[in-house]
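Structure data follow from work_16.txt (compact mmCIF, N, CA and C atoms):
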# COMPACT_ATOMS: atom_id res chain seq x y z
N MET A 1 0.00 49.57 -268.17
CA MET A 1 0.90 48.73 -267.41
C MET A 1 2.06 49.56 -266.88
N ARG A 2 2.55 49.20 -265.73
CA ARG A 2 3.60 49.95 -265.06
C ARG A 2 4.92 49.21 -265.07
N HIS A 3 5.26 48.61 -266.18
CA HIS A 3 6.51 47.87 -266.25
C HIS A 3 7.69 48.83 -266.11
N ARG A 4 8.60 48.50 -265.23
CA ARG A 4 9.86 49.22 -265.02
C ARG A 4 9.67 50.68 -264.61
N VAL A 5 8.55 51.03 -264.01
CA VAL A 5 8.31 52.36 -263.51
C VAL A 5 8.70 52.35 -262.04
N ASP A 6 9.67 53.15 -261.66
CA ASP A 6 10.18 53.08 -260.30
C ASP A 6 10.01 54.37 -259.51
N ARG A 7 9.20 55.30 -259.99
CA ARG A 7 8.99 56.56 -259.29
C ARG A 7 7.52 56.81 -259.07
N ARG A 8 7.27 57.68 -258.12
CA ARG A 8 5.91 58.15 -257.89
C ARG A 8 5.79 59.53 -258.53
N LYS A 9 4.65 59.82 -259.13
CA LYS A 9 4.48 61.11 -259.80
C LYS A 9 4.10 62.22 -258.83
N LEU A 10 3.50 61.88 -257.71
CA LEU A 10 3.13 62.83 -256.67
C LEU A 10 2.20 63.93 -257.17
N GLY A 11 1.46 63.67 -258.24
CA GLY A 11 0.49 64.63 -258.75
C GLY A 11 1.12 65.86 -259.38
N ARG A 12 2.35 65.75 -259.85
CA ARG A 12 3.05 66.90 -260.41
C ARG A 12 3.72 66.50 -261.71
N TYR A 13 3.99 67.49 -262.55
CA TYR A 13 4.75 67.22 -263.76
C TYR A 13 6.23 67.17 -263.40
N GLY A 14 7.06 66.75 -264.31
CA GLY A 14 8.43 66.38 -264.02
C GLY A 14 9.29 67.44 -263.38
N SER A 15 9.33 68.64 -263.96
CA SER A 15 10.21 69.67 -263.41
C SER A 15 9.72 70.16 -262.05
N HIS A 16 8.41 70.23 -261.87
CA HIS A 16 7.87 70.62 -260.57
C HIS A 16 8.19 69.57 -259.52
N ARG A 17 8.08 68.31 -259.90
CA ARG A 17 8.38 67.22 -258.97
C ARG A 17 9.86 67.24 -258.56
N MET A 18 10.76 67.44 -259.52
CA MET A 18 12.17 67.44 -259.20
C MET A 18 12.56 68.64 -258.33
N SER A 19 11.97 69.81 -258.59
CA SER A 19 12.29 70.96 -257.75
C SER A 19 11.71 70.79 -256.35
N MET A 20 10.54 70.15 -256.22
CA MET A 20 9.97 69.88 -254.91
C MET A 20 10.87 68.92 -254.12
N LEU A 21 11.35 67.86 -254.78
CA LEU A 21 12.24 66.91 -254.11
C LEU A 21 13.56 67.56 -253.73
N ALA A 22 14.08 68.43 -254.60
CA ALA A 22 15.32 69.13 -254.28
C ALA A 22 15.14 70.05 -253.08
N ASN A 23 14.02 70.75 -253.01
CA ASN A 23 13.76 71.65 -251.88
C ASN A 23 13.56 70.87 -250.59
N LEU A 24 12.83 69.77 -250.65
CA LEU A 24 12.64 68.96 -249.45
C LEU A 24 13.96 68.36 -248.97
N THR A 25 14.79 67.93 -249.91
CA THR A 25 16.08 67.36 -249.54
C THR A 25 16.99 68.42 -248.94
N ALA A 26 16.99 69.62 -249.50
CA ALA A 26 17.79 70.70 -248.93
C ALA A 26 17.32 71.02 -247.52
N SER A 27 16.02 71.03 -247.30
CA SER A 27 15.50 71.27 -245.96
C SER A 27 15.89 70.15 -245.01
N LEU A 28 15.91 68.92 -245.52
CA LEU A 28 16.31 67.78 -244.69
C LEU A 28 17.77 67.93 -244.26
N PHE A 29 18.64 68.35 -245.14
CA PHE A 29 20.05 68.49 -244.79
C PHE A 29 20.27 69.68 -243.86
N LEU A 30 19.52 70.76 -244.04
CA LEU A 30 19.70 71.93 -243.19
C LEU A 30 19.11 71.71 -241.80
N GLU A 31 17.92 71.14 -241.72
CA GLU A 31 17.24 70.95 -240.44
C GLU A 31 17.48 69.57 -239.84
N GLU A 32 17.90 68.61 -240.66
CA GLU A 32 18.17 67.22 -240.30
C GLU A 32 16.92 66.44 -239.91
N ARG A 33 15.75 67.04 -240.13
CA ARG A 33 14.49 66.37 -239.81
C ARG A 33 13.35 67.21 -240.39
N LEU A 34 12.36 66.55 -241.00
CA LEU A 34 11.20 67.28 -241.47
C LEU A 34 9.98 66.37 -241.48
N GLU A 35 8.81 67.00 -241.45
CA GLU A 35 7.56 66.26 -241.45
C GLU A 35 6.85 66.49 -242.78
N THR A 36 6.44 65.40 -243.42
CA THR A 36 5.78 65.46 -244.71
C THR A 36 4.90 64.23 -244.84
N THR A 37 4.28 64.06 -245.99
CA THR A 37 3.47 62.87 -246.19
C THR A 37 4.36 61.65 -246.39
N VAL A 38 3.79 60.47 -246.22
CA VAL A 38 4.58 59.24 -246.31
C VAL A 38 5.13 59.05 -247.72
N THR A 39 4.33 59.30 -248.75
CA THR A 39 4.81 59.07 -250.11
C THR A 39 5.91 60.06 -250.48
N ARG A 40 5.78 61.31 -250.05
CA ARG A 40 6.85 62.27 -250.31
C ARG A 40 8.11 61.87 -249.55
N ALA A 41 7.95 61.40 -248.34
CA ALA A 41 9.12 61.00 -247.54
C ALA A 41 9.86 59.85 -248.21
N LYS A 42 9.13 58.92 -248.80
CA LYS A 42 9.78 57.79 -249.46
C LYS A 42 10.54 58.25 -250.70
N GLU A 43 10.02 59.22 -251.42
CA GLU A 43 10.74 59.74 -252.58
C GLU A 43 11.93 60.60 -252.16
N VAL A 44 11.77 61.38 -251.09
CA VAL A 44 12.88 62.20 -250.59
C VAL A 44 14.00 61.30 -250.10
N ARG A 45 13.66 60.16 -249.50
CA ARG A 45 14.69 59.23 -249.04
C ARG A 45 15.56 58.77 -250.20
N ARG A 46 14.94 58.42 -251.33
CA ARG A 46 15.72 57.99 -252.50
C ARG A 46 16.67 59.08 -252.96
N PHE A 47 16.14 60.29 -253.08
CA PHE A 47 16.92 61.42 -253.58
C PHE A 47 18.04 61.78 -252.60
N ALA A 48 17.73 61.83 -251.31
CA ALA A 48 18.70 62.25 -250.30
C ALA A 48 19.82 61.23 -250.15
N GLU A 49 19.49 59.96 -250.18
CA GLU A 49 20.53 58.95 -250.00
C GLU A 49 21.49 58.93 -251.17
N ARG A 50 21.02 59.22 -252.35
CA ARG A 50 21.92 59.32 -253.50
C ARG A 50 22.85 60.52 -253.35
N MET A 51 22.32 61.63 -252.83
CA MET A 51 23.15 62.81 -252.64
C MET A 51 24.21 62.57 -251.55
N ILE A 52 23.84 61.87 -250.49
CA ILE A 52 24.81 61.58 -249.42
C ILE A 52 25.90 60.66 -249.95
N THR A 53 25.54 59.69 -250.77
CA THR A 53 26.54 58.79 -251.34
C THR A 53 27.53 59.55 -252.21
N LYS A 54 27.04 60.50 -252.99
CA LYS A 54 27.93 61.31 -253.81
C LYS A 54 28.80 62.22 -252.93
N ALA A 55 28.23 62.71 -251.84
CA ALA A 55 29.00 63.59 -250.95
C ALA A 55 30.08 62.82 -250.21
N LYS A 56 29.86 61.54 -249.96
CA LYS A 56 30.89 60.73 -249.29
C LYS A 56 32.12 60.59 -250.17
N ILE A 57 31.95 60.54 -251.48
CA ILE A 57 33.11 60.49 -252.38
C ILE A 57 33.86 61.81 -252.29
N GLY A 58 33.12 62.92 -252.36
CA GLY A 58 33.67 64.21 -252.00
C GLY A 58 34.54 64.92 -253.02
N ASP A 59 34.65 64.43 -254.25
CA ASP A 59 35.49 65.14 -255.21
C ASP A 59 34.70 66.26 -255.89
N LEU A 60 35.38 67.02 -256.71
CA LEU A 60 34.77 68.18 -257.35
C LEU A 60 33.65 67.79 -258.30
N HIS A 61 33.83 66.70 -259.01
CA HIS A 61 32.80 66.24 -259.95
C HIS A 61 31.49 65.96 -259.24
N ASN A 62 31.54 65.23 -258.13
CA ASN A 62 30.32 64.91 -257.39
C ASN A 62 29.74 66.14 -256.70
N ARG A 63 30.60 67.07 -256.28
CA ARG A 63 30.09 68.31 -255.70
C ARG A 63 29.30 69.10 -256.73
N ARG A 64 29.78 69.13 -257.97
CA ARG A 64 29.06 69.85 -259.02
C ARG A 64 27.75 69.16 -259.38
N ILE A 65 27.73 67.83 -259.36
CA ILE A 65 26.49 67.09 -259.63
C ILE A 65 25.45 67.40 -258.56
N VAL A 66 25.86 67.33 -257.29
CA VAL A 66 24.93 67.59 -256.19
C VAL A 66 24.44 69.03 -256.24
N ALA A 67 25.34 69.97 -256.52
CA ALA A 67 24.94 71.38 -256.58
C ALA A 67 23.95 71.62 -257.72
N SER A 68 24.12 70.93 -258.83
CA SER A 68 23.19 71.13 -259.94
C SER A 68 21.84 70.49 -259.66
N ARG A 69 21.81 69.41 -258.92
CA ARG A 69 20.54 68.74 -258.63
C ARG A 69 19.78 69.42 -257.50
N MET A 70 20.50 69.95 -256.49
CA MET A 70 19.81 70.54 -255.35
C MET A 70 19.60 72.04 -255.49
N GLY A 71 20.61 72.77 -255.91
CA GLY A 71 20.42 74.20 -256.15
C GLY A 71 20.51 75.08 -254.93
N ASN A 72 20.64 74.52 -253.74
CA ASN A 72 20.74 75.30 -252.51
C ASN A 72 22.19 75.26 -252.04
N VAL A 73 22.86 76.40 -252.08
CA VAL A 73 24.29 76.45 -251.80
C VAL A 73 24.58 76.09 -250.35
N GLU A 74 23.77 76.60 -249.41
CA GLU A 74 24.00 76.32 -248.00
C GLU A 74 23.83 74.84 -247.69
N ALA A 75 22.83 74.22 -248.31
CA ALA A 75 22.59 72.80 -248.08
C ALA A 75 23.73 71.95 -248.65
N VAL A 76 24.26 72.35 -249.79
CA VAL A 76 25.38 71.60 -250.38
C VAL A 76 26.62 71.71 -249.50
N LYS A 77 26.88 72.91 -248.96
CA LYS A 77 28.03 73.10 -248.08
C LYS A 77 27.90 72.25 -246.82
N LYS A 78 26.71 72.27 -246.22
CA LYS A 78 26.51 71.48 -245.00
C LYS A 78 26.60 69.99 -245.30
N LEU A 79 26.08 69.57 -246.45
CA LEU A 79 26.14 68.16 -246.81
C LEU A 79 27.58 67.69 -246.95
N PHE A 80 28.40 68.43 -247.64
CA PHE A 80 29.78 68.00 -247.87
C PHE A 80 30.67 68.20 -246.65
N ASN A 81 30.43 69.25 -245.86
CA ASN A 81 31.32 69.55 -244.74
C ASN A 81 30.95 68.81 -243.47
N GLU A 82 29.65 68.59 -243.21
CA GLU A 82 29.23 68.01 -241.94
C GLU A 82 28.57 66.65 -242.09
N VAL A 83 27.55 66.58 -242.92
CA VAL A 83 26.72 65.38 -242.97
C VAL A 83 27.46 64.18 -243.54
N ALA A 84 28.20 64.36 -244.61
CA ALA A 84 28.88 63.23 -245.25
C ALA A 84 29.94 62.61 -244.34
N GLY A 85 30.56 63.42 -243.49
CA GLY A 85 31.57 62.90 -242.58
C GLY A 85 31.01 61.95 -241.53
N ARG A 86 29.75 62.13 -241.18
CA ARG A 86 29.12 61.25 -240.18
C ARG A 86 28.84 59.86 -240.71
N PHE A 87 28.74 59.73 -242.04
CA PHE A 87 28.32 58.46 -242.64
C PHE A 87 29.45 57.73 -243.36
N THR A 88 30.70 58.01 -243.00
CA THR A 88 31.80 57.37 -243.72
C THR A 88 31.84 55.86 -243.50
N GLU A 89 31.47 55.39 -242.32
CA GLU A 89 31.50 53.95 -242.03
C GLU A 89 30.23 53.24 -242.45
N ARG A 90 29.17 53.97 -242.71
CA ARG A 90 27.87 53.37 -243.03
C ARG A 90 27.77 53.12 -244.54
N GLN A 91 27.26 51.96 -244.92
CA GLN A 91 27.16 51.58 -246.33
C GLN A 91 25.85 52.01 -246.98
N GLY A 92 24.93 52.51 -246.24
CA GLY A 92 23.64 52.95 -246.78
C GLY A 92 22.67 53.10 -245.64
N GLY A 93 21.44 53.46 -245.95
CA GLY A 93 20.44 53.63 -244.91
C GLY A 93 20.72 54.85 -244.06
N TYR A 94 20.86 56.00 -244.71
CA TYR A 94 21.24 57.21 -244.01
C TYR A 94 20.03 57.93 -243.40
N THR A 95 18.83 57.57 -243.82
CA THR A 95 17.63 58.26 -243.34
C THR A 95 16.70 57.27 -242.66
N ARG A 96 15.81 57.82 -241.85
CA ARG A 96 14.80 57.04 -241.14
C ARG A 96 13.45 57.69 -241.37
N ILE A 97 12.44 56.88 -241.66
CA ILE A 97 11.08 57.37 -241.82
C ILE A 97 10.23 56.79 -240.70
N VAL A 98 9.59 57.67 -239.93
CA VAL A 98 8.73 57.27 -238.83
C VAL A 98 7.33 57.79 -239.14
N LYS A 99 6.38 56.87 -239.28
CA LYS A 99 5.00 57.28 -239.55
C LYS A 99 4.40 57.84 -238.27
N THR A 100 3.71 58.99 -238.39
CA THR A 100 3.20 59.64 -237.19
C THR A 100 1.68 59.56 -237.09
N SER A 101 0.96 60.35 -237.85
CA SER A 101 -0.49 60.40 -237.73
C SER A 101 -1.08 60.75 -239.08
N TYR A 102 -2.30 61.23 -239.07
CA TYR A 102 -2.97 61.64 -240.29
C TYR A 102 -3.20 63.14 -240.26
N ARG A 103 -3.01 63.79 -241.42
CA ARG A 103 -3.19 65.23 -241.51
C ARG A 103 -4.66 65.58 -241.30
N ARG A 104 -4.91 66.65 -240.60
CA ARG A 104 -6.27 66.98 -240.22
C ARG A 104 -7.15 67.36 -241.41
N GLY A 105 -6.58 68.05 -242.39
CA GLY A 105 -7.40 68.56 -243.48
C GLY A 105 -7.90 67.49 -244.44
N ASP A 106 -7.01 66.57 -244.85
CA ASP A 106 -7.39 65.59 -245.86
C ASP A 106 -7.07 64.16 -245.46
N SER A 107 -6.69 63.95 -244.21
CA SER A 107 -6.38 62.61 -243.68
C SER A 107 -5.26 61.91 -244.44
N ALA A 108 -4.31 62.68 -244.93
CA ALA A 108 -3.15 62.08 -245.58
C ALA A 108 -2.22 61.54 -244.50
N PRO A 109 -1.68 60.34 -244.69
CA PRO A 109 -0.76 59.80 -243.68
C PRO A 109 0.54 60.60 -243.66
N MET A 110 0.93 61.01 -242.46
CA MET A 110 2.11 61.86 -242.29
C MET A 110 3.26 61.03 -241.72
N ALA A 111 4.48 61.52 -241.97
CA ALA A 111 5.67 60.85 -241.47
C ALA A 111 6.75 61.88 -241.20
N ILE A 112 7.68 61.48 -240.35
CA ILE A 112 8.86 62.29 -240.08
C ILE A 112 10.03 61.58 -240.74
N ILE A 113 10.78 62.30 -241.57
CA ILE A 113 11.99 61.76 -242.16
C ILE A 113 13.15 62.51 -241.53
N GLU A 114 14.16 61.74 -241.08
CA GLU A 114 15.29 62.35 -240.41
C GLU A 114 16.56 61.59 -240.74
N LEU A 115 17.68 62.25 -240.54
CA LEU A 115 18.96 61.59 -240.72
C LEU A 115 19.21 60.66 -239.54
N VAL A 116 19.79 59.50 -239.81
CA VAL A 116 19.98 58.50 -238.76
C VAL A 116 20.93 59.01 -237.70
N GLU A 117 22.04 59.58 -238.10
CA GLU A 117 23.01 60.11 -237.14
C GLU A 117 22.91 61.63 -237.16
N ARG A 118 22.09 62.15 -236.25
CA ARG A 118 21.89 63.58 -236.18
C ARG A 118 22.92 64.22 -235.27
N SER A 119 23.18 65.50 -235.50
CA SER A 119 24.15 66.21 -234.65
C SER A 119 23.50 66.67 -233.37
Take the structure in this file and express it as structure tokens.
Amino acid sequence: MRHRVDRRKLGRYGSHRMSMLANLTASLFLEERLETTVTRAKEVRRFAERMITKAKIGDLHNRRIVASRMGNVEAVKKLFNEVAGRFTERQGGYTRIVKTSYRRGDSAPMAIIELVERS
């Protein structure tokens, strides 16, 4: 039974899954748009929106939390200096997922995840 289970495993063990999500989220903040599978995009959305919410607060404590979860210094700097400022008036929904097509090799459904207010 899947009572109170709110995550997807994505075929990976825990530390591998978290590092994959951190890398995808860092790429999302640096490039502001990326293409991945639909299930990965839905998990990246959860992770990225929590990071943006912490960056909107902007104090040292939240900066250290985001830096420890993401691990990419350039992405953390861009998140706090540029991205968080764009979303000060928005209460949530910082990302958009657009389903595109199916991957040629294994027919996995693909999607583009991007920041709603891009530069």
Report as JSON, numbers by chain all protein, DNA and RNA residues lying within 8 Å of region 13-19 of chain A, evaluated on all atoms listed in the file, omitting residues in the same chain fewer than 5 positions from it. {"A": [24, 25, 69, 70]}
Identify, on the basis of only C-alpha atoms, every residue whose closest approach to Arg103 (chain A) does not exceed 12 Å; exclude the query and any residue fewer than 4 positions from it along the same chain; express the result as a list in words.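 Returned residues: Glu35, Thr36, Thr37, Val38, Lys99, Ser107, Ala108, Pro109, Met110 and Ala111 of chain A.
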In terms of all atoms listed in the file, the residue from A:Val44, A:Leu60, A:Ala26, A:Leu34 at minimal distance from Val76 (chain A) is A:Ala26
Nearest residue to Arg8 (chain A) from the set A:Asn23, A:Arg46, A:Glu31, A:Ile112 (distances using only C-alpha atoms):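 Checking each of A:Asn23, A:Arg46, A:Glu31, A:Ile112 against Arg8 (chain A), counting only C-alpha atoms, the winner is A:Arg46.
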Using atom N of Ile52 (chain A) and CA of Tyr102 (chain A) as the two end points, give the distance in Å to one decimal.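 Separation of atom N of Ile52 (chain A) and CA of Tyr102 (chain A): 28.7 Å.
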Name the residues of chain A that fall into alpha helix (DSSP H) according to DSSP on the backbone, using the chain letters and numbers of this document, as number ranges by chain. A: 14-31, 38-57, 60-70, 73-78, 84-86
Pick out the closest residue to Arg50 (chain A) from this set: A:Gly92, A:Arg118, A:Leu30, A:Ile97. Count only C-alpha atoms.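 Of the candidates, the smallest distance to Arg50 (chain A) is held by A:Gly92.
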Identify, on the basis of all atoms listed in the file, every residue whose closest approach to Tyr94 (chain A) does not exceed 6 Å; exclude the query and any residue fewer than 6 positions from it along the same chain; express the result as a PyMOL selection string. chain A and resi 114-117
Between atom N of Arg63 (chain A) and atom C of Lys78 (chain A), what distance in Å does the model show, to one decimal?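 Separation of atom N of Arg63 (chain A) and atom C of Lys78 (chain A): 12.0 Å.
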How many Å lie between CA of Ala22 (chain A) and CA of Ala75 (chain A), rounded to one decimal?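 The value is 10.2 Å.
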Mind giving me the axis-aligned box for region 20-26 of chain A with 5 Å on every side, centre plus edges in Å to one decimal, as lines of an AutoDock Vina configuration file?
center_x = 13.9
center_y = 69.3
center_z = -251.9
size_x = 17.8
size_y = 14.7
size_z = 18.7
Near Val83 (chain A), counting all atoms listed in the file, which residues have an atom at most 8 Å away, once you skip same-chain residues fewer than 4 positions from it, shown as an MDAnalysis selection string? chainID A and resid 29 52 55:56 77:79 87:88 117
When DSSP works through the backbone of this structure, what residues of region 4-81 of chain A end up as strand (DSSP E), shown as a list in words?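 Of region 4-81 of chain A, only Arg33, Leu34, Glu35, Thr36 and Thr37 of chain A fall in strand (DSSP E).
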Of the candidates A:Asn62, A:Ser101, A:Asn72, A:Thr95, which one gets nearest to Ala41 (chain A) if we count only C-alpha atoms?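 With only C-alpha atoms as the atom set, the closest residue is A:Thr95.
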Please provide the set of residues having any atom within 8 Å of Arg7 (chain A), restricted to all atoms listed in the file, with same-chain residues fewer than 3 positions apart removed, written as a list in words. Arg4, Leu10 and Glu43 of chain A
Which one is closest to Leu28 (chain A): A:Val73, A:Ala48, A:Met1, A:Val98? Count only C-alpha atoms. A:Ala48
